[in-house]
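Please read the structure below before turning to the comments.
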Amino acid sequence: EARRRDTPPFIRNAQTSMIKALSKASNVNEYKEKISDSLKVLQGYVDKLVNRDIPPDQLIIAKQLSKHAERYAHKVFQAIAAQQLIREGVMISAGQVVRYLITDAENRRTNRRVKAAELITDCTRYDVQKYLDLLLSAASNILSPFGYSTKKLRDEVLYREKQLLLREN
């Protein structure tokens, strides 16, 4: 994700920070020890996202249109954002890059799933759950050789506090 052009800066920064934490190891045993440092880094990014401490511009996704917005058979995010811009009078064609924020990925009304970056206002809210999915997927891509799936990371990072509270009671 850190190398991809369409990755939001927030996700890129999180993955890069996790890699930096792991890069301090000089052998496999040290690497395994540094996994906990990497998980702490991830926890910090998760907390910021859950608390909505991330400005929307750090979550913008940029995707290139492979065809004109109306020609997409499925309502993919970049086509929805392109159609929003077209309705505002912006000329959009195949090959252009469309930038958008995921606002409600599962909304039945497709127009509410994303917001073209140019149309974001101070009132625009992002889909925390969808961005958590992207963040945890990026983290699992780094840690999967050590048995960390997206689900395991979700359990470890998101639900750990809840599990600790349950054990205490």
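Here's how to read the names in the structure tokens: chain A, B, ... by the order shown, residue numbers from 1 in each chain, ligand numbers from 1 in the order shown.
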Write out as JSON lines the residues of stretch 77-111 of chain A that have any atom within 10 Å of an atom of stretch 128-132 of chain A, one row each with the nearest atom pair and its distance in Å to one decimal, counting only C-alpha atoms, sorted by chain and then rising number.
{"residue": "A:Leu101", "atom": "CA", "partner": "A:Tyr131", "partner_atom": "CA", "distance": 9.9}
{"residue": "A:Ile102", "atom": "CA", "partner": "A:Lys130", "partner_atom": "CA", "distance": 7.5}
{"residue": "A:Thr103", "atom": "CA", "partner": "A:Val128", "partner_atom": "CA", "distance": 8.4}
{"residue": "A:Asp104", "atom": "CA", "partner": "A:Lys130", "partner_atom": "CA", "distance": 8.1}
{"residue": "A:Ala105", "atom": "CA", "partner": "A:Lys130", "partner_atom": "CA", "distance": 6.7}
{"residue": "A:Glu106", "atom": "CA", "partner": "A:Lys130", "partner_atom": "CA", "distance": 9.1}
Inset, instruction - Assign secondary structure with DSSP using the backbone only, and return the residues of stretch 17-157 of chain A in alpha helix (DSSP H) as a VMD selection string. - result: chain A and resid 17 to 22 28 to 50 77 to 87 128 to 143 150 to 153
Inset, instruction - With a distance cut-off of 12 Å and only C-alpha atoms, select the neighbouring residues of A:Ile86, excluding the residue or stretch itself and same-chain residues fewer than 6 positions from it, and output the selection as a list of chain:residue names. - result: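 Final neighbour list, sorted by chain and number: A:His68, A:Ala69, A:Glu70, A:Ala79, A:Ile80, A:Ile92, A:Ser93, A:Val98, A:Ala116, A:Glu118, A:Leu119.
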Can I get the selection written as a PDB file, in the first residue's frame, with N, CA and C atoms?
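The resulting again.pdb:
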ATOM      1  N   HIS A  68     -15.379   6.053 -19.260  1.00  0.00           N
ATOM      2  CA  HIS A  68     -16.244   7.160 -18.864  1.00  0.00           C
ATOM      3  C   HIS A  68     -17.128   6.711 -17.695  1.00  0.00           C
ATOM      4  N   ALA A  69     -17.457   7.618 -16.812  1.00  0.00           N
ATOM      5  CA  ALA A  69     -18.185   7.301 -15.572  1.00  0.00           C
ATOM      6  C   ALA A  69     -19.485   6.538 -15.818  1.00  0.00           C
ATOM      7  N   GLU A  70     -20.231   6.885 -16.866  1.00  0.00           N
ATOM      8  CA  GLU A  70     -21.505   6.216 -17.132  1.00  0.00           C
ATOM      9  C   GLU A  70     -21.342   4.804 -17.682  1.00  0.00           C
ATOM     10  N   ALA A  79     -16.259   5.822 -10.012  1.00  0.00           N
ATOM     11  CA  ALA A  79     -17.322   6.195 -10.956  1.00  0.00           C
ATOM     12  C   ALA A  79     -18.376   7.058 -10.257  1.00  0.00           C
ATOM     13  N   ILE A  80     -18.691   6.724  -9.022  1.00  0.00           N
ATOM     14  CA  ILE A  80     -19.662   7.527  -8.260  1.00  0.00           C
ATOM     15  C   ILE A  80     -19.129   8.944  -8.080  1.00  0.00           C
ATOM     16  N   ILE A  92     -15.187  15.356 -17.051  1.00  0.00           N
ATOM     17  CA  ILE A  92     -14.458  14.161 -16.620  1.00  0.00           C
ATOM     18  C   ILE A  92     -14.461  13.168 -17.774  1.00  0.00           C
ATOM     19  N   SER A  93     -13.298  12.569 -18.038  1.00  0.00           N
ATOM     20  CA  SER A  93     -13.225  11.571 -19.099  1.00  0.00           C
ATOM     21  C   SER A  93     -12.342  10.403 -18.680  1.00  0.00           C
ATOM     22  N   VAL A  98      -9.613  10.461 -10.383  1.00  0.00           N
ATOM     23  CA  VAL A  98     -10.687  11.000  -9.547  1.00  0.00           C
ATOM     24  C   VAL A  98     -10.297  10.769  -8.093  1.00  0.00           C
ATOM     25  N   ALA A 116     -16.713  13.152  -3.793  1.00  0.00           N
ATOM     26  CA  ALA A 116     -15.570  13.634  -4.579  1.00  0.00           C
ATOM     27  C   ALA A 116     -14.797  14.641  -3.733  1.00  0.00           C
ATOM     28  N   GLU A 118     -13.285  17.316  -4.287  1.00  0.00           N
ATOM     29  CA  GLU A 118     -13.585  18.717  -4.543  1.00  0.00           C
ATOM     30  C   GLU A 118     -14.895  19.158  -3.898  1.00  0.00           C
ATOM     31  N   LEU A 119     -15.722  18.223  -3.484  1.00  0.00           N
ATOM     32  CA  LEU A 119     -17.034  18.548  -2.910  1.00  0.00           C
ATOM     33  C   LEU A 119     -17.080  18.388  -1.386  1.00  0.00           C
TER      34      LEU A 119
END
Inset, instruction - Please run DSSP on the backbone and report, as JSON, numbers by chain, all residues within stretch 27-134 of chain A that come out as strand (DSSP E). - result: {"A": [61, 62, 63, 64, 97, 98, 99, 100, 101, 102, 114, 115, 116]}
Legend entry - Straight-line distance linking atom CA of A:Asp37 with atom CA of A:Leu22, stated in Å to one decimal: 7.5 Å
If you take only C-alpha atoms and a cut-off of 9 Å, which residues of stretch 45-138 of chain A touch stretch 152-155 of chain A, and what are their nearest atom pairs and distances in Å to one decimal, in chain and number order, as JSON lines?
{"residue": "A:Leu132", "atom": "CA", "partner": "A:Arg154", "partner_atom": "CA", "distance": 8.8}
{"residue": "A:Asp133", "atom": "CA", "partner": "A:Arg154", "partner_atom": "CA", "distance": 8.7}
{"residue": "A:Leu136", "atom": "CA", "partner": "A:Leu153", "partner_atom": "CA", "distance": 6.6}
{"residue": "A:Ser137", "atom": "CA", "partner": "A:Leu153", "partner_atom": "CA", "distance": 8.9}
Could you dump the residues just selected with N, CA and C atoms as a CSV table (one decimal), in the first residue's frame?
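Everything below was put into selection-v8.csv:
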chain,number,residue,atom,x,y,z
A,132,LEU,N,-10.9,1.7,8.7
A,132,LEU,CA,-10.3,0.7,9.6
A,132,LEU,C,-10.0,-0.6,8.8
A,133,ASP,N,-10.9,-1.0,8.0
A,133,ASP,CA,-10.6,-2.2,7.2
A,133,ASP,C,-9.4,-2.0,6.3
A,136,LEU,N,-6.2,-2.0,8.6
A,136,LEU,CA,-5.9,-3.4,9.1
A,136,LEU,C,-5.4,-4.3,8.0
A,137,SER,N,-5.9,-4.1,6.8
A,137,SER,CA,-5.5,-4.9,5.7
A,137,SER,C,-4.0,-4.5,5.4
